[in-house]
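Have a look at the structure below, then the notes.
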Amino acid sequence: MKSGLNDMAIIDIFSKRQRREKQSLPDVYRYDVVPENLRVQIVHIWNDVFVEQAERGYEQVVKILRREYGVFKLVRSAPYERYDRELVEFFLQERQIDRVLDVVEISFAWITRSHTFVFPFRREEQINRSKAALKELNGRLQEHAIGYRFEKKRIVRTDSEYVHSEVVKPALRLLGGSGYSGALDEFLKAHEYHRKADAKAAMNECLKALESVAKAVCDRRKWSYSRRATAAELLQKCFDNELVPQFWQTQFSALLSLLKSSVPTGRNRLSGHGQGADPVEVPTHLAAYLLHMTAATIVFLIEAEATSP
């Protein structure tokens, strides 16, 4: 029997309410585990969304993973060419968290375009089914206090649900617009490095994304700048040209200082130059802060460019 869209709703069952009352739910995000019951819930989502093209969906995901991992089969015991069994068994058994997240990312990236594999008269239904699947996935991750979300066809790390929804998601949405594709790629790479605990690389990608956005804004406004302009110089160019109106300059002086120093200077001092005799360790929480600061700066610059005369 086919599953309806209502099957994808997250139900607030009695046991969940009891756990909340007993305060047994974790109050911080976890990054090194995807519990078995969450994996099973994700498999249920696959079964809901792969209603009519399950064979194609499972096959494509399995073949991508086989090639990337350099193996002929993900699970030796899986029946020959039973892609659904192979993917599910691998997903439920795999211990490496990065590989588990690989499966989630690739499978749901496929789901976002699954409507292209159905007949035209079924596409709207499949688009709605895919949207419901993505909503449930992120809801389940949040429910289990897992510090990741699926955004823009990638798994990104979330250190604060509020900051992610109010700052990071708007930044991703705006970067998806025309002219910001390079900055979007760099910002997503920053999140990927942050997920892998490579703070220095994450900070470098933050700077690249910020520079790319500032350059795009200057290009849109036809403001000249040196090809070697730094992020601080590009941001100053935006303010010199009154992207923020002159009568607001006093109120924005603190923000200008923050834009010029926090992200670029943090990166330049800790990750952009030689380390000397002793390696410089960049704390993960500092990388998280700079990711969020970069996101907020990106939102400000793009919206200011779009709405200023």
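Naming scheme: A, B, ... for chains in displayed order of the structure tokens; residues 1 onward per chain; ligands 1 onward as shown.
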Excluding A:Glu211 and residues on its chain fewer than 3 positions from it, collect all residues at most 6 Å away from it, counting only C-alpha atoms, and give them as a list in words.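 Skipping anything fewer than 3 positions along the chain leaves Lys208, Ala214 and Ala231 of chain A.
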Could those residues be written to a file, using C-alpha atoms, as a PDB file, in the first residue's frame?
ATOM      1  CA  LYS A 208      36.553  33.596   0.834  1.00  0.00           C
ATOM      2  CA  ALA A 214      31.575  41.969  -1.090  1.00  0.00           C
ATOM      3  CA  ALA A 231      37.829  41.633   2.751  1.00  0.00           C
TER       4      ALA A 231
END
Counting only C-alpha atoms, which residues in stretch 149-202 of chain A sit no more than 12 Å from stretch 32-44 of chain A? For each one, give the nearest pair of atoms and the distance in Å, sorted by chain then residue number, as CSV.
residue,atom,partner,partner_atom,distance
A:Arg157,CA,A:Asp32,CA,11.5
A:Arg195,CA,A:Asp32,CA,10.1
A:Lys196,CA,A:Asp32,CA,10.3
A:Ala197,CA,A:Asp32,CA,11.1
Which residues are close to A:Asp84, i.e. within 12 Å by only C-alpha atoms, leaving aside same-chain residues fewer than 2 positions away? Reply as a PDB file with N, CA, C and O atoms, in the first residue's frame.
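Result file out-v8.pdb:
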ATOM      1  N   VAL A  43      15.137   5.496   7.160  1.00  0.00           N
ATOM      2  CA  VAL A  43      14.773   4.457   6.184  1.00  0.00           C
ATOM      3  C   VAL A  43      13.281   4.527   5.884  1.00  0.00           C
ATOM      4  O   VAL A  43      12.857   4.384   4.729  1.00  0.00           O
ATOM      5  N   TRP A  46      12.757   7.206   3.403  1.00  0.00           N
ATOM      6  CA  TRP A  46      13.094   6.730   2.057  1.00  0.00           C
ATOM      7  C   TRP A  46      11.927   5.953   1.456  1.00  0.00           C
ATOM      8  O   TRP A  46      11.548   6.171   0.305  1.00  0.00           O
ATOM      9  N   ASN A  47      11.371   5.052   2.237  1.00  0.00           N
ATOM     10  CA  ASN A  47      10.288   4.215   1.724  1.00  0.00           C
ATOM     11  C   ASN A  47       9.067   5.038   1.347  1.00  0.00           C
ATOM     12  O   ASN A  47       8.344   4.701   0.403  1.00  0.00           O
ATOM     13  N   PHE A  50      10.325   7.139  -1.991  1.00  0.00           N
ATOM     14  CA  PHE A  50      10.669   6.307  -3.140  1.00  0.00           C
ATOM     15  C   PHE A  50       9.485   5.424  -3.535  1.00  0.00           C
ATOM     16  O   PHE A  50       9.638   4.242  -3.796  1.00  0.00           O
ATOM     17  N   GLN A  53       9.634   5.137  -7.724  1.00  0.00           N
ATOM     18  CA  GLN A  53      10.924   4.950  -8.367  1.00  0.00           C
ATOM     19  C   GLN A  53      11.964   4.475  -7.358  1.00  0.00           C
ATOM     20  O   GLN A  53      13.108   4.911  -7.379  1.00  0.00           O
ATOM     21  N   ALA A  54      11.527   3.582  -6.469  1.00  0.00           N
ATOM     22  CA  ALA A  54      12.431   3.098  -5.420  1.00  0.00           C
ATOM     23  C   ALA A  54      13.681   2.463  -6.012  1.00  0.00           C
ATOM     24  O   ALA A  54      14.798   2.705  -5.554  1.00  0.00           O
ATOM     25  N   GLU A  55      13.488   1.636  -7.052  1.00  0.00           N
ATOM     26  CA  GLU A  55      14.644   0.946  -7.642  1.00  0.00           C
ATOM     27  C   GLU A  55      15.658   1.940  -8.169  1.00  0.00           C
ATOM     28  O   GLU A  55      16.858   1.822  -7.913  1.00  0.00           O
ATOM     29  N   ARG A  56      15.204   2.972  -8.880  1.00  0.00           N
ATOM     30  CA  ARG A  56      16.112   3.981  -9.417  1.00  0.00           C
ATOM     31  C   ARG A  56      16.785   4.758  -8.290  1.00  0.00           C
ATOM     32  O   ARG A  56      17.991   5.006  -8.317  1.00  0.00           O
ATOM     33  N   GLY A  57      16.022   5.138  -7.277  1.00  0.00           N
ATOM     34  CA  GLY A  57      16.582   5.926  -6.185  1.00  0.00           C
ATOM     35  C   GLY A  57      17.658   5.185  -5.430  1.00  0.00           C
ATOM     36  O   GLY A  57      18.769   5.686  -5.239  1.00  0.00           O
ATOM     37  N   TYR A  58      17.349   3.988  -4.969  1.00  0.00           N
ATOM     38  CA  TYR A  58      18.339   3.205  -4.230  1.00  0.00           C
ATOM     39  C   TYR A  58      19.555   2.888  -5.098  1.00  0.00           C
ATOM     40  O   TYR A  58      20.697   2.948  -4.640  1.00  0.00           O
ATOM     41  N   GLU A  59      19.317   2.564  -6.361  1.00  0.00           N
ATOM     42  CA  GLU A  59      20.429   2.210  -7.257  1.00  0.00           C
ATOM     43  C   GLU A  59      21.381   3.389  -7.429  1.00  0.00           C
ATOM     44  O   GLU A  59      22.607   3.223  -7.346  1.00  0.00           O
ATOM     45  N   GLN A  60      20.842   4.591  -7.654  1.00  0.00           N
ATOM     46  CA  GLN A  60      21.704   5.744  -7.877  1.00  0.00           C
ATOM     47  C   GLN A  60      22.542   6.064  -6.645  1.00  0.00           C
ATOM     48  O   GLN A  60      23.740   6.341  -6.745  1.00  0.00           O
ATOM     49  N   VAL A  61      21.929   6.012  -5.475  1.00  0.00           N
ATOM     50  CA  VAL A  61      22.656   6.310  -4.241  1.00  0.00           C
ATOM     51  C   VAL A  61      23.748   5.271  -4.005  1.00  0.00           C
ATOM     52  O   VAL A  61      24.897   5.610  -3.671  1.00  0.00           O
ATOM     53  N   VAL A  62      23.421   4.004  -4.176  1.00  0.00           N
ATOM     54  CA  VAL A  62      24.400   2.931  -3.957  1.00  0.00           C
ATOM     55  C   VAL A  62      25.569   3.056  -4.924  1.00  0.00           C
ATOM     56  O   VAL A  62      26.734   2.930  -4.530  1.00  0.00           O
ATOM     57  N   LYS A  63      25.296   3.321  -6.177  1.00  0.00           N
ATOM     58  CA  LYS A  63      26.367   3.398  -7.172  1.00  0.00           C
ATOM     59  C   LYS A  63      27.298   4.582  -6.903  1.00  0.00           C
ATOM     60  O   LYS A  63      28.510   4.485  -7.112  1.00  0.00           O
ATOM     61  N   LEU A  74      28.765  -2.236  -1.002  1.00  0.00           N
ATOM     62  CA  LEU A  74      28.841  -1.586   0.303  1.00  0.00           C
ATOM     63  C   LEU A  74      28.792  -2.606   1.430  1.00  0.00           C
ATOM     64  O   LEU A  74      29.423  -2.422   2.468  1.00  0.00           O
ATOM     65  N   VAL A  75      28.022  -3.660   1.202  1.00  0.00           N
ATOM     66  CA  VAL A  75      27.895  -4.748   2.183  1.00  0.00           C
ATOM     67  C   VAL A  75      28.033  -6.064   1.445  1.00  0.00           C
ATOM     68  O   VAL A  75      27.266  -6.356   0.531  1.00  0.00           O
ATOM     69  N   ALA A  78      24.976  -8.431   1.098  1.00  0.00           N
ATOM     70  CA  ALA A  78      23.753  -7.956   0.443  1.00  0.00           C
ATOM     71  C   ALA A  78      23.470  -8.780  -0.813  1.00  0.00           C
ATOM     72  O   ALA A  78      24.389  -9.137  -1.556  1.00  0.00           O
ATOM     73  N   PRO A  79      22.188  -9.099  -1.070  1.00  0.00           N
ATOM     74  CA  PRO A  79      21.832  -9.869  -2.278  1.00  0.00           C
ATOM     75  C   PRO A  79      22.274  -9.143  -3.539  1.00  0.00           C
ATOM     76  O   PRO A  79      22.289  -7.916  -3.594  1.00  0.00           O
ATOM     77  N   TYR A  80      22.616  -9.892  -4.562  1.00  0.00           N
ATOM     78  CA  TYR A  80      23.112  -9.322  -5.809  1.00  0.00           C
ATOM     79  C   TYR A  80      22.068  -8.388  -6.428  1.00  0.00           C
ATOM     80  O   TYR A  80      20.914  -8.763  -6.636  1.00  0.00           O
ATOM     81  N   GLU A  81      22.487  -7.153  -6.690  1.00  0.00           N
ATOM     82  CA  GLU A  81      21.677  -6.114  -7.331  1.00  0.00           C
ATOM     83  C   GLU A  81      20.384  -5.803  -6.580  1.00  0.00           C
ATOM     84  O   GLU A  81      19.420  -5.332  -7.168  1.00  0.00           O
ATOM     85  N   ARG A  82      20.368  -6.063  -5.271  1.00  0.00           N
ATOM     86  CA  ARG A  82      19.258  -5.582  -4.450  1.00  0.00           C
ATOM     87  C   ARG A  82      19.741  -4.302  -3.779  1.00  0.00           C
ATOM     88  O   ARG A  82      20.222  -4.290  -2.651  1.00  0.00           O
ATOM     89  N   GLU A  86      21.045  -3.401   0.076  1.00  0.00           N
ATOM     90  CA  GLU A  86      22.452  -3.043   0.257  1.00  0.00           C
ATOM     91  C   GLU A  86      22.581  -1.699   0.970  1.00  0.00           C
ATOM     92  O   GLU A  86      23.368  -1.558   1.916  1.00  0.00           O
ATOM     93  N   LEU A  87      21.792  -0.710   0.549  1.00  0.00           N
ATOM     94  CA  LEU A  87      21.893   0.610   1.161  1.00  0.00           C
ATOM     95  C   LEU A  87      21.404   0.586   2.603  1.00  0.00           C
ATOM     96  O   LEU A  87      22.049   1.146   3.503  1.00  0.00           O
ATOM     97  N   VAL A  88      20.286  -0.062   2.842  1.00  0.00           N
ATOM     98  CA  VAL A  88      19.727  -0.094   4.195  1.00  0.00           C
ATOM     99  C   VAL A  88      20.662  -0.815   5.152  1.00  0.00           C
ATOM    100  O   VAL A  88      20.920  -0.342   6.266  1.00  0.00           O
ATOM    101  N   GLU A  89      21.191  -1.970   4.737  1.00  0.00           N
ATOM    102  CA  GLU A  89      22.102  -2.711   5.603  1.00  0.00           C
ATOM    103  C   GLU A  89      23.361  -1.897   5.909  1.00  0.00           C
ATOM    104  O   GLU A  89      23.821  -1.848   7.053  1.00  0.00           O
ATOM    105  N   PHE A  90      23.908  -1.254   4.892  1.00  0.00           N
ATOM    106  CA  PHE A  90      25.103  -0.438   5.097  1.00  0.00           C
ATOM    107  C   PHE A  90      24.797   0.716   6.052  1.00  0.00           C
ATOM    108  O   PHE A  90      25.563   0.991   6.983  1.00  0.00           O
ATOM    109  N   PHE A  91      23.669   1.372   5.837  1.00  0.00           N
ATOM    110  CA  PHE A  91      23.300   2.535   6.646  1.00  0.00           C
ATOM    111  C   PHE A  91      23.076   2.152   8.105  1.00  0.00           C
ATOM    112  O   PHE A  91      23.469   2.876   9.021  1.00  0.00           O
ATOM    113  N   SER A 107      21.454  10.591  -0.395  1.00  0.00           N
ATOM    114  CA  SER A 107      20.090  10.107  -0.611  1.00  0.00           C
ATOM    115  C   SER A 107      19.090  11.260  -0.652  1.00  0.00           C
ATOM    116  O   SER A 107      18.200  11.286  -1.519  1.00  0.00           O
TER     117      SER A 107
END
Which residues in stretch 27-247 of chain A does DSSP call strand (DSSP E or B)? List them as JSON, numbers by chain. {"A": [30, 146, 148, 149, 150, 151, 154, 155, 156, 157]}
Keeping C-alpha atoms, export the residues of the selection given above as a PDB file, in the first residue's frame.
ATOM      1  CA  ARG A  30      25.565  15.606  19.442  1.00  0.00           C
ATOM      2  CA  ILE A 146      21.803  15.703  16.346  1.00  0.00           C
ATOM      3  CA  TYR A 148      23.278  18.630  11.623  1.00  0.00           C
ATOM      4  CA  ARG A 149      20.688  19.762   9.101  1.00  0.00           C
ATOM      5  CA  PHE A 150      20.137  19.220   5.394  1.00  0.00           C
ATOM      6  CA  GLU A 151      20.356  22.529   3.521  1.00  0.00           C
ATOM      7  CA  ARG A 154      24.276  19.264   1.750  1.00  0.00           C
ATOM      8  CA  ILE A 155      24.568  18.275   5.383  1.00  0.00           C
ATOM      9  CA  VAL A 156      25.644  21.293   7.446  1.00  0.00           C
ATOM     10  CA  ARG A 157      26.540  21.461  11.108  1.00  0.00           C
TER      11      ARG A 157
END
Which residue out of A:Leu291, A:Ala145, A:Leu134, A:Leu92 has the minimum interatomic distance to A:Ala209 when only C-alpha atoms are used?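 Smallest distance to A:Ala209 is found for A:Leu291.
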